[in-house]
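Q: Compact mmCIF, C-alpha atoms and all ligand atoms, file protein-v6.txt:
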```
# COMPACT_ATOMS: atom_id res chain seq x y z
CA MET A 27 0.00 0.00 0.00
CA GLN A 28 1.34 3.40 -0.96
CA ASP A 29 -1.68 5.55 -0.49
CA PHE A 30 -3.12 5.94 3.02
CA GLU A 31 -5.22 9.11 2.88
CA GLY A 32 -8.90 8.28 3.50
CA LYS A 33 -8.16 4.54 3.84
CA VAL A 34 -9.43 2.46 6.78
CA ALA A 35 -7.21 0.84 9.42
CA VAL A 36 -8.45 -1.60 12.08
CA ILE A 37 -6.11 -1.88 15.07
CA THR A 38 -6.46 -4.44 17.87
CA GLY A 39 -4.87 -3.69 21.22
CA ALA A 40 -5.22 -0.03 20.21
CA ALA A 41 -5.72 1.40 23.69
CA SER A 42 -2.09 1.25 24.79
CA GLY A 43 1.56 0.99 23.76
CA ILE A 44 2.33 -0.06 20.19
CA GLY A 45 -1.34 -0.14 19.14
CA GLU A 46 -1.88 3.40 20.36
CA ALA A 47 1.27 4.57 18.54
CA LEU A 48 0.06 2.90 15.32
CA ALA A 49 -3.29 4.68 15.73
CA GLN A 50 -1.60 8.06 16.23
CA TYR A 51 0.63 7.50 13.20
CA ALA A 52 -2.32 6.40 11.03
CA SER A 53 -4.31 9.43 12.17
CA GLY A 54 -1.38 11.68 11.20
CA ILE A 55 -1.45 10.40 7.61
CA GLY A 56 -5.19 10.87 7.17
CA MET A 57 -6.54 7.35 7.71
CA LYS A 58 -9.94 6.48 9.18
CA LEU A 59 -9.67 4.27 12.24
CA VAL A 60 -11.41 1.40 13.94
CA LEU A 61 -9.91 0.94 17.39
CA ALA A 62 -10.40 -2.39 19.16
CA ASP A 63 -9.40 -3.27 22.70
CA LEU A 64 -10.70 -4.78 25.93
CA ASP A 65 -9.98 -1.61 27.88
CA LEU A 66 -13.07 0.55 27.34
CA ASP A 67 -11.86 3.62 29.26
CA ARG A 68 -8.51 3.93 27.47
CA LEU A 69 -10.15 3.13 24.14
CA ASP A 70 -12.70 5.91 24.56
CA ALA A 71 -10.06 8.38 25.72
CA LEU A 72 -7.96 7.65 22.62
CA ARG A 73 -10.98 7.89 20.31
CA GLU A 74 -11.84 11.30 21.77
CA ARG A 75 -8.28 12.56 21.22
CA LEU A 76 -8.22 11.31 17.63
CA VAL A 77 -11.67 12.71 16.82
CA ALA A 78 -10.55 16.06 18.29
CA ALA A 79 -7.57 15.88 15.89
CA GLY A 80 -10.02 15.50 12.98
CA THR A 81 -9.72 11.72 12.45
CA GLU A 82 -12.86 9.72 11.71
CA THR A 83 -12.64 7.10 14.44
CA VAL A 84 -14.86 4.41 15.88
CA SER A 85 -14.05 2.15 18.79
CA VAL A 86 -15.30 -1.38 19.31
CA VAL A 87 -14.72 -3.11 22.62
CA THR A 88 -13.38 -6.47 21.52
CA ASP A 89 -11.82 -9.50 23.13
CA VAL A 90 -9.69 -10.84 20.28
CA ALA A 91 -9.60 -14.27 21.90
CA ASP A 92 -13.32 -14.59 21.10
CA ASP A 93 -14.16 -15.35 17.48
CA THR A 94 -17.69 -13.95 17.78
CA GLN A 95 -16.34 -10.61 18.98
CA VAL A 96 -13.78 -10.45 16.15
CA GLU A 97 -16.55 -11.25 13.66
CA ARG A 98 -18.55 -8.36 15.15
CA LEU A 99 -15.47 -6.12 14.87
CA ALA A 100 -15.29 -6.89 11.14
CA GLN A 101 -19.00 -6.19 10.69
CA GLU A 102 -18.85 -2.93 12.64
CA SER A 103 -15.81 -1.82 10.63
CA LEU A 104 -17.76 -2.38 7.42
CA SER A 105 -20.87 -0.63 8.77
CA ALA A 106 -18.80 2.37 9.83
CA PHE A 107 -16.61 2.80 6.75
CA GLY A 108 -17.65 0.26 4.08
CA CYS A 109 -14.21 -1.39 3.71
CA VAL A 110 -11.00 -2.34 5.56
CA ASP A 111 -7.65 -1.55 3.94
CA LEU A 112 -5.24 -2.21 6.77
CA LEU A 113 -5.54 -4.65 9.68
CA PHE A 114 -3.17 -4.67 12.63
CA ASN A 115 -3.45 -7.89 14.63
CA ASN A 116 -1.57 -6.32 17.51
CA ALA A 117 -3.29 -7.15 20.83
CA GLY A 118 -1.08 -9.22 23.10
CA VAL A 119 -0.30 -10.16 26.68
CA LEU A 120 2.88 -11.33 28.39
CA LEU A 121 3.19 -13.76 31.24
CA THR A 122 6.31 -15.52 32.49
CA GLY A 123 6.98 -18.77 34.31
CA PRO A 124 8.38 -22.26 33.73
CA SER A 125 6.62 -24.27 31.02
CA TRP A 126 5.42 -26.90 33.45
CA GLY A 127 4.59 -24.38 36.20
CA CYS A 128 2.32 -22.08 34.19
CA SER A 129 -1.28 -23.05 34.92
CA LEU A 130 -3.62 -24.28 32.24
CA GLU A 131 -5.36 -20.92 32.61
CA ASP A 132 -2.05 -19.07 31.98
CA TRP A 133 -1.36 -21.10 28.83
CA GLN A 134 -4.92 -20.64 27.57
CA LYS A 135 -4.93 -16.90 28.26
CA VAL A 136 -1.69 -16.18 26.40
CA LEU A 137 -2.43 -18.48 23.47
CA GLY A 138 -6.03 -17.18 23.38
CA VAL A 139 -5.05 -13.54 22.96
CA ASN A 140 -1.69 -13.76 21.16
CA LEU A 141 -2.28 -16.65 18.78
CA TRP A 142 -6.04 -17.24 18.52
CA GLY A 143 -6.53 -13.46 18.36
CA VAL A 144 -4.46 -13.40 15.16
CA ILE A 145 -6.15 -16.54 13.78
CA HIS A 146 -9.58 -14.94 14.34
CA GLY A 147 -8.39 -11.70 12.72
CA ILE A 148 -7.17 -13.53 9.63
CA ARG A 149 -10.26 -15.73 9.30
CA ARG A 150 -12.65 -12.79 9.67
CA PHE A 151 -10.83 -10.07 7.69
CA VAL A 152 -8.95 -11.80 4.83
CA PRO A 153 -12.14 -12.95 3.04
CA LEU A 154 -13.57 -9.46 3.08
CA MET A 155 -10.27 -7.95 1.89
CA LEU A 156 -10.12 -10.46 -0.97
CA ALA A 157 -13.73 -9.65 -1.89
CA GLN A 158 -12.87 -5.94 -1.99
CA GLY A 159 -10.20 -6.67 -4.61
CA THR A 160 -8.28 -3.49 -3.75
CA PRO A 161 -4.77 -3.16 -2.21
CA ALA A 162 -4.85 -4.14 1.45
CA HIS A 163 -2.30 -5.10 4.07
CA ILE A 164 -2.27 -7.22 7.22
CA VAL A 165 0.31 -6.56 9.92
CA ASN A 166 0.72 -9.18 12.63
CA THR A 167 2.63 -8.13 15.72
CA ALA A 168 4.74 -11.12 16.75
CA SER A 169 7.98 -10.52 18.69
CA MET A 170 11.64 -11.50 18.63
CA ALA A 171 10.27 -14.33 20.83
CA GLY A 172 8.62 -15.52 17.61
CA LEU A 173 12.10 -16.29 16.23
CA ILE A 174 14.22 -17.00 19.30
CA ALA A 175 13.00 -18.91 22.34
CA ALA A 176 13.83 -17.84 25.88
CA PRO A 177 13.58 -19.80 29.12
CA LEU A 178 10.69 -19.01 31.50
CA ASN A 179 8.63 -17.51 28.68
CA GLY A 180 6.94 -20.62 27.26
CA PRO A 181 3.35 -19.52 26.55
CA TYR A 182 4.46 -16.19 25.05
CA THR A 183 7.19 -17.80 22.93
CA VAL A 184 4.89 -20.53 21.64
CA SER A 185 2.19 -17.98 20.79
CA LYS A 186 4.58 -15.68 18.93
CA GLN A 187 6.30 -18.51 17.00
CA GLY A 188 2.77 -19.47 15.93
CA VAL A 189 2.12 -15.91 14.75
CA VAL A 190 5.34 -15.91 12.69
CA ALA A 191 4.49 -19.30 11.15
CA LEU A 192 0.94 -18.23 10.36
CA SER A 193 2.10 -14.93 8.84
CA GLU A 194 4.56 -16.73 6.56
CA THR A 195 1.86 -19.22 5.56
CA LEU A 196 -0.58 -16.42 4.79
CA HIS A 197 2.08 -14.58 2.77
CA TYR A 198 2.64 -17.67 0.58
CA GLU A 199 -1.08 -18.30 0.17
CA LEU A 200 -1.91 -14.73 -0.87
CA ALA A 201 1.12 -14.48 -3.17
CA ALA A 202 0.09 -17.75 -4.88
CA GLN A 203 -3.26 -16.14 -5.73
CA GLN A 204 -1.58 -12.89 -6.77
CA ALA A 205 -3.95 -11.24 -4.30
CA PRO A 206 -3.61 -7.51 -3.71
CA VAL A 207 -3.44 -8.29 0.04
CA LYS A 208 0.07 -8.15 1.51
CA VAL A 209 1.38 -9.35 4.87
CA SER A 210 4.01 -8.12 7.31
CA VAL A 211 5.11 -9.67 10.58
CA VAL A 212 6.66 -7.42 13.20
CA CYS A 213 9.29 -9.01 15.46
CA PRO A 214 10.51 -6.38 17.88
CA GLY A 215 12.79 -6.77 20.86
CA PRO A 216 11.92 -4.56 23.83
CA VAL A 217 9.51 -1.67 23.26
CA ALA A 218 8.77 0.74 26.12
CA THR A 219 5.15 -0.11 26.99
CA THR A 220 3.31 -1.47 30.02
CA ILE A 221 3.05 -5.01 28.61
CA ALA A 222 4.97 -6.47 31.57
CA ASP A 223 1.91 -5.71 33.73
CA SER A 224 -0.57 -7.18 31.26
CA ALA A 225 -1.16 -10.68 32.61
CA GLN A 226 0.39 -11.52 35.91
CA SER A 227 0.19 -15.15 36.82
CA HIS A 228 -1.16 -15.72 40.30
CA ARG A 229 1.28 -18.55 40.79
CA SER A 230 3.07 -18.40 44.14
CA GLY A 231 6.49 -19.72 45.07
CA LYS A 232 8.53 -18.13 42.29
CA THR A 233 12.18 -19.16 42.29
CA ASP A 234 15.07 -16.66 42.44
CA GLN A 235 15.78 -17.53 38.80
CA GLU A 236 12.22 -16.60 37.80
CA ARG A 237 12.33 -13.33 39.74
CA ALA A 238 15.68 -12.46 38.15
CA PHE A 239 14.26 -13.21 34.67
CA GLU A 240 11.22 -11.00 35.34
CA THR A 241 13.46 -8.17 36.52
CA MET A 242 15.67 -8.42 33.39
CA LEU A 243 12.58 -8.45 31.19
CA ARG A 244 10.97 -5.45 32.91
CA GLN A 245 14.21 -3.44 32.80
CA GLY A 246 14.71 -4.29 29.11
CA ILE A 247 11.15 -3.26 28.22
CA ALA A 248 11.36 -0.01 30.23
CA ALA A 249 14.54 0.91 28.32
CA GLY A 250 13.15 -0.29 25.00
CA MET A 251 12.48 1.42 21.67
CA SER A 252 9.71 4.01 21.75
CA PRO A 253 6.36 2.80 20.38
CA ASP A 254 6.28 5.88 18.10
CA GLU A 255 9.61 4.93 16.50
CA LEU A 256 8.36 1.39 15.98
CA ALA A 257 5.11 2.67 14.41
CA GLY A 258 7.17 4.70 11.92
CA GLN A 259 9.17 1.58 10.96
CA VAL A 260 6.00 -0.49 10.58
CA PHE A 261 4.41 2.02 8.21
CA ALA A 262 7.66 2.22 6.21
CA ALA A 263 7.46 -1.59 5.82
CA ILE A 264 3.83 -1.38 4.68
CA ARG A 265 4.79 1.20 2.03
CA GLU A 266 7.65 -1.05 0.86
CA GLU A 267 5.47 -4.19 1.07
CA GLN A 268 8.18 -5.73 3.23
CA PHE A 269 7.26 -8.98 5.00
CA TRP A 270 9.81 -9.07 7.84
CA VAL A 271 9.92 -6.13 10.22
CA LEU A 272 12.84 -6.67 12.62
CA PRO A 273 13.44 -3.28 14.18
CA HIS A 274 16.26 -4.25 16.57
CA ASP A 275 19.65 -4.86 14.90
CA ALA A 276 20.99 -6.26 18.19
CA TYR A 277 19.20 -9.53 17.41
CA ARG A 278 21.07 -10.23 14.17
CA GLU A 279 23.85 -12.05 16.02
CA PRO A 280 21.51 -14.21 18.19
CA LEU A 281 19.51 -15.06 15.05
CA GLN A 282 22.69 -16.08 13.25
CA ARG A 283 23.78 -18.12 16.28
CA ARG A 284 20.45 -19.94 16.36
CA THR A 285 20.56 -20.70 12.64
CA GLU A 286 24.10 -22.06 13.01
CA SER A 287 22.95 -24.25 15.88
CA LEU A 288 20.20 -25.64 13.62
CA LEU A 289 22.53 -26.24 10.69
CA THR A 290 25.41 -27.72 12.69
CA GLY A 291 23.30 -29.73 15.13
CA ARG A 292 24.87 -27.98 18.11
CA ASP A 293 22.56 -27.45 21.12
CA PRO A 294 20.90 -24.02 21.24
CA GLU A 295 22.23 -21.62 23.84
CA PHE A 296 20.27 -18.72 25.33
CA ARG A 297 21.95 -15.36 25.95
CA TRP A 298 20.39 -11.96 26.63
CA ALA A 299 20.84 -9.59 23.70
CA THR A 300 23.03 -6.58 24.40
CA PHE A 301 22.01 -3.18 23.10
P1 LIG B 401 0.41 -3.01 25.91
O1 LIG B 401 0.06 -3.81 27.11
O2 LIG B 401 0.84 -1.60 26.08
O3 LIG B 401 -0.81 -3.01 24.86
C1 LIG B 401 -1.52 -4.18 24.57
C2 LIG B 401 -3.00 -3.82 24.41
O4 LIG B 401 -3.71 -5.03 24.09
C3 LIG B 401 -3.64 -3.24 25.69
O5 LIG B 401 -4.33 -2.06 25.41
C4 LIG B 401 -4.59 -4.35 26.14
O6 LIG B 401 -5.76 -3.84 26.80
C5 LIG B 401 -4.92 -5.02 24.82
N1 LIG B 401 -5.43 -6.37 25.01
C6 LIG B 401 -5.00 -7.32 25.87
N2 LIG B 401 -5.77 -8.41 25.77
C7 LIG B 401 -6.67 -8.17 24.80
C8 LIG B 401 -7.73 -8.92 24.23
N3 LIG B 401 -8.02 -10.17 24.66
N4 LIG B 401 -8.47 -8.36 23.25
C9 LIG B 401 -8.22 -7.09 22.83
N5 LIG B 401 -7.24 -6.32 23.33
C10 LIG B 401 -6.47 -6.86 24.32
O7 LIG B 401 1.52 -3.85 25.15
P2 LIG B 401 2.35 -3.56 23.80
O8 LIG B 401 3.76 -3.72 24.17
O9 LIG B 401 1.88 -2.37 23.12
O10 LIG B 401 1.93 -4.86 22.98
C11 LIG B 401 1.40 -4.84 21.66
C12 LIG B 401 1.91 -6.06 20.93
O11 LIG B 401 3.32 -5.96 20.78
C13 LIG B 401 1.67 -7.38 21.65
O12 LIG B 401 1.25 -8.35 20.72
C14 LIG B 401 3.03 -7.73 22.21
O13 LIG B 401 3.19 -9.10 22.41
C15 LIG B 401 3.93 -7.19 21.12
N6 LIG B 401 5.31 -6.95 21.51
C16 LIG B 401 5.61 -6.09 22.52
C17 LIG B 401 6.94 -5.91 22.87
C18 LIG B 401 7.35 -4.98 23.98
O14 LIG B 401 8.51 -5.03 24.43
N7 LIG B 401 6.47 -4.09 24.45
C19 LIG B 401 7.96 -6.60 22.19
C20 LIG B 401 7.61 -7.47 21.17
C21 LIG B 401 6.28 -7.64 20.83
```
Could I get this structure in the form of structure tokens?
A:
Amino acid sequence: MQDFEGKVAVITGAASGIGEALAQYASGIGMKLVLADLDLDRLDALRERLVAAGTETVSVVTDVADDTQVERLAQESLSAFGCVDLLFNNAGVLLTGPSWGCSLEDWQKVLGVNLWGVIHGIRRFVPLMLAQGTPAHIVNTASMAGLIAAPLNGPYTVSKQGVVALSETLHYELAAQQAPVKVSVVCPGPVATTIADSAQSHRSGKTDQERAFETMLRQGIAAGMSPDELAGQVFAAIREEQFWVLPHDAYREPLQRRTESLLTGRDPEFRWATF
């Protein structure tokens, strides 16, 4: 997509962090917006700010883990604006803990939002984009965790590797049809948002190792890239129709190391990236 003025963007997880920055950026280039999130108060506050800035904006309270609600989001987007040109499957939650120690509820929550949320988005929006027959773009927010696993981050890592796999699959499928619908997958390292507070597990008895991991993660996120800078990079990728969006160069070396481990058969080794 090259032309954004007057086009319609749907953004999930729009009320905070990266989603909010994407909404602000899209508003700045003249798009019409459909904001979706669970957090009604923040969603309404953002809609009011964007409307005051002259952006046609609707908000739809949506739990992306629920297919019926994502179907309603698609319908309400069409009723408001008649088409959808850009979809950001961005909503996500983060929760840490050992793979065997995370409760069934923890696993279901993270996979429900981060992976099923994207599956629902694709199932409900791709058919209507294909029917439109005009240039459209889907941006799935994965994470560097979608490419490199970390200890004590099982549900999140599994969900994001699923999002990367699904994005690649979708890219091949749409390209095979020569569809005007393009795909990008965003794999950031730390971005300065409040995601670390998004889904605390109520599990007690955390080990020192778990507490240390949480502290490293929180410090990394607090010192991360600004959501506004990331939004700028994401829109540049949409303009260029670029599939991979890897905004943190510091992960090139860990990615290379992981690929070498795959190709040589050496065991993988986890190290924190240094910025
Ligand atoms: P954030 O917590 O600031 O924003 C996430 C938004 O998603 C919140 O407004 C929240 O209310 C919403 N949300 C949560 N569950 C939802 C649901 N079931 N349905 C609809 N909305 C829901 O976090 P963020 O950092 O802006 O995260 C956005 C995306 O970026 C996520 O997918 C996250 O995994 C990914 N990401 C973040 C980082 C980072 O360091 N912040 C790094 C890599 C990837």
Q: Write out as a list in words which residues come within 8 Å of Ala49 in chain A when counting all atoms listed in the file, dropping same-chain ones fewer than 6 positions away.
A: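 Residues near the query, excluding close chain neighbours: Ile37, Ala40, Leu59 and Leu61 of chain A.
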Q: At a cut-off of 6 Å and counting only C-alpha atoms and all ligand atoms, what residues surround ligand LIG 401 (chain B)? Please answer as a VMD selection string.
A: chain A and resid 38 to 45 63 to 65 88 to 91 116 to 119 139 167 to 169 214 to 221 224 247
Q: Kindly indicate which residue among A:Asn140, A:Tyr51, A:Val211, A:Phe30 lies nearest to Glu255 in chain A, using only C-alpha atoms for the distances.
A: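 Nearest candidate to Glu255 in chain A out of A:Asn140, A:Tyr51, A:Val211, A:Phe30: A:Tyr51.
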Q: Determine, counting only C-alpha atoms, which protein, DNA and RNA residues have an atom within 12 Å of an atom of Ser129 in chain A; residues of the same chain fewer than 3 positions away are not included. Present the result as a PyMOL selection string.
A: chain A and resi 121-126+132-136+180-181+226-230
Q: Pull the closest atom pair for each residue of range 117-201 of chain A that gets at most 8 Å from range 270-284 of chain A, along with the distance in Å to one decimal, counting all atoms listed in the file, ordering rows by chain and then ascending residue number, as a tab-separated table.
A:
```
residue	atom	partner	partner_atom	distance
A:Met170	CA	A:Leu272	CA	7.8
A:Leu173	CA	A:Leu281	CA	7.6
A:Ile174	CA	A:Leu281	CA	7.1
```
Q: Work out how far apart CA of Gly258 in chain A and CA of Thr300 in chain A are and give it in Å to one decimal.
A: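 Computing it gives 23.1 Å between the two atoms.
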Q: I'd like the interatomic distance between CA of Ala222 in chain A and CA of Leu120 in chain A, to a tenth of an Å.
A: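 Rounded to one decimal, the two atoms are 6.2 Å apart.
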Q: My structure is short of atoms at range 155-176 of chain A; please model N, CA and C atoms there, returning them as a PDB file, in the frame of the given file.
A:
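Result saved to rebuild00.pdb:
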```pdb
ATOM      1  N   MET A 155     -11.296  -8.679   2.669  1.00  0.00           N
ATOM      2  CA  MET A 155     -10.270  -7.950   1.890  1.00  0.00           C
ATOM      3  C   MET A 155     -10.163  -8.518   0.482  1.00  0.00           C
ATOM      4  N   LEU A 156     -10.204  -9.842   0.362  1.00  0.00           N
ATOM      5  CA  LEU A 156     -10.120 -10.460  -0.970  1.00  0.00           C
ATOM      6  C   LEU A 156     -11.338 -10.072  -1.801  1.00  0.00           C
ATOM      7  N   ALA A 157     -12.505 -10.024  -1.159  1.00  0.00           N
ATOM      8  CA  ALA A 157     -13.730  -9.650  -1.890  1.00  0.00           C
ATOM      9  C   ALA A 157     -13.666  -8.201  -2.355  1.00  0.00           C
ATOM     10  N   GLN A 158     -13.002  -7.343  -1.578  1.00  0.00           N
ATOM     11  CA  GLN A 158     -12.870  -5.940  -1.990  1.00  0.00           C
ATOM     12  C   GLN A 158     -12.071  -5.826  -3.284  1.00  0.00           C
ATOM     13  N   GLY A 159     -11.018  -6.660  -3.391  1.00  0.00           N
ATOM     14  CA  GLY A 159     -10.200  -6.670  -4.610  1.00  0.00           C
ATOM     15  C   GLY A 159      -9.267  -5.475  -4.750  1.00  0.00           C
ATOM     16  N   THR A 160      -9.145  -4.681  -3.701  1.00  0.00           N
ATOM     17  CA  THR A 160      -8.280  -3.490  -3.750  1.00  0.00           C
ATOM     18  C   THR A 160      -7.041  -3.739  -2.884  1.00  0.00           C
ATOM     19  N   PRO A 161      -5.963  -2.937  -3.033  1.00  0.00           N
ATOM     20  CA  PRO A 161      -4.770  -3.160  -2.210  1.00  0.00           C
ATOM     21  C   PRO A 161      -5.097  -3.097  -0.723  1.00  0.00           C
ATOM     22  N   ALA A 162      -4.621  -4.085  -0.003  1.00  0.00           N
ATOM     23  CA  ALA A 162      -4.850  -4.140   1.450  1.00  0.00           C
ATOM     24  C   ALA A 162      -3.609  -4.751   2.087  1.00  0.00           C
ATOM     25  N   HIS A 163      -3.504  -4.610   3.401  1.00  0.00           N
ATOM     26  CA  HIS A 163      -2.300  -5.100   4.070  1.00  0.00           C
ATOM     27  C   HIS A 163      -2.672  -5.580   5.477  1.00  0.00           C
ATOM     28  N   ILE A 164      -2.080  -6.693   5.866  1.00  0.00           N
ATOM     29  CA  ILE A 164      -2.270  -7.220   7.220  1.00  0.00           C
ATOM     30  C   ILE A 164      -0.928  -7.209   7.940  1.00  0.00           C
ATOM     31  N   VAL A 165      -0.918  -6.617   9.117  1.00  0.00           N
ATOM     32  CA  VAL A 165       0.310  -6.560   9.920  1.00  0.00           C
ATOM     33  C   VAL A 165       0.073  -7.334  11.204  1.00  0.00           C
ATOM     34  N   ASN A 166       0.829  -8.400  11.393  1.00  0.00           N
ATOM     35  CA  ASN A 166       0.720  -9.180  12.630  1.00  0.00           C
ATOM     36  C   ASN A 166       1.875  -8.819  13.546  1.00  0.00           C
ATOM     37  N   THR A 167       1.558  -8.415  14.770  1.00  0.00           N
ATOM     38  CA  THR A 167       2.630  -8.130  15.720  1.00  0.00           C
ATOM     39  C   THR A 167       3.015  -9.439  16.399  1.00  0.00           C
ATOM     40  N   ALA A 168       4.193  -9.957  16.034  1.00  0.00           N
ATOM     41  CA  ALA A 168       4.740 -11.120  16.750  1.00  0.00           C
ATOM     42  C   ALA A 168       5.717 -10.545  17.771  1.00  0.00           C
ATOM     43  N   SER A 169       6.966 -10.965  17.720  1.00  0.00           N
ATOM     44  CA  SER A 169       7.980 -10.520  18.690  1.00  0.00           C
ATOM     45  C   SER A 169       9.280 -11.203  18.286  1.00  0.00           C
ATOM     46  N   MET A 170      10.413 -10.744  18.833  1.00  0.00           N
ATOM     47  CA  MET A 170      11.640 -11.500  18.630  1.00  0.00           C
ATOM     48  C   MET A 170      11.485 -12.902  19.239  1.00  0.00           C
ATOM     49  N   ALA A 171      10.570 -13.003  20.244  1.00  0.00           N
ATOM     50  CA  ALA A 171      10.270 -14.330  20.830  1.00  0.00           C
ATOM     51  C   ALA A 171       9.647 -15.262  19.792  1.00  0.00           C
ATOM     52  N   GLY A 172       9.155 -14.686  18.688  1.00  0.00           N
ATOM     53  CA  GLY A 172       8.620 -15.520  17.610  1.00  0.00           C
ATOM     54  C   GLY A 172       9.714 -16.186  16.796  1.00  0.00           C
ATOM     55  N   LEU A 173      10.970 -15.747  17.001  1.00  0.00           N
ATOM     56  CA  LEU A 173      12.100 -16.290  16.230  1.00  0.00           C
ATOM     57  C   LEU A 173      13.155 -16.939  17.122  1.00  0.00           C
ATOM     58  N   ILE A 174      13.220 -16.462  18.368  1.00  0.00           N
ATOM     59  CA  ILE A 174      14.220 -17.000  19.300  1.00  0.00           C
ATOM     60  C   ILE A 174      13.529 -17.312  20.619  1.00  0.00           C
ATOM     61  N   ALA A 175      13.646 -18.539  21.076  1.00  0.00           N
ATOM     62  CA  ALA A 175      13.000 -18.910  22.340  1.00  0.00           C
ATOM     63  C   ALA A 175      13.823 -18.429  23.528  1.00  0.00           C
ATOM     64  N   ALA A 176      13.139 -18.197  24.627  1.00  0.00           N
ATOM     65  CA  ALA A 176      13.830 -17.840  25.880  1.00  0.00           C
ATOM     66  C   ALA A 176      13.291 -18.753  26.977  1.00  0.00           C
TER      67      ALA A 176
END
```
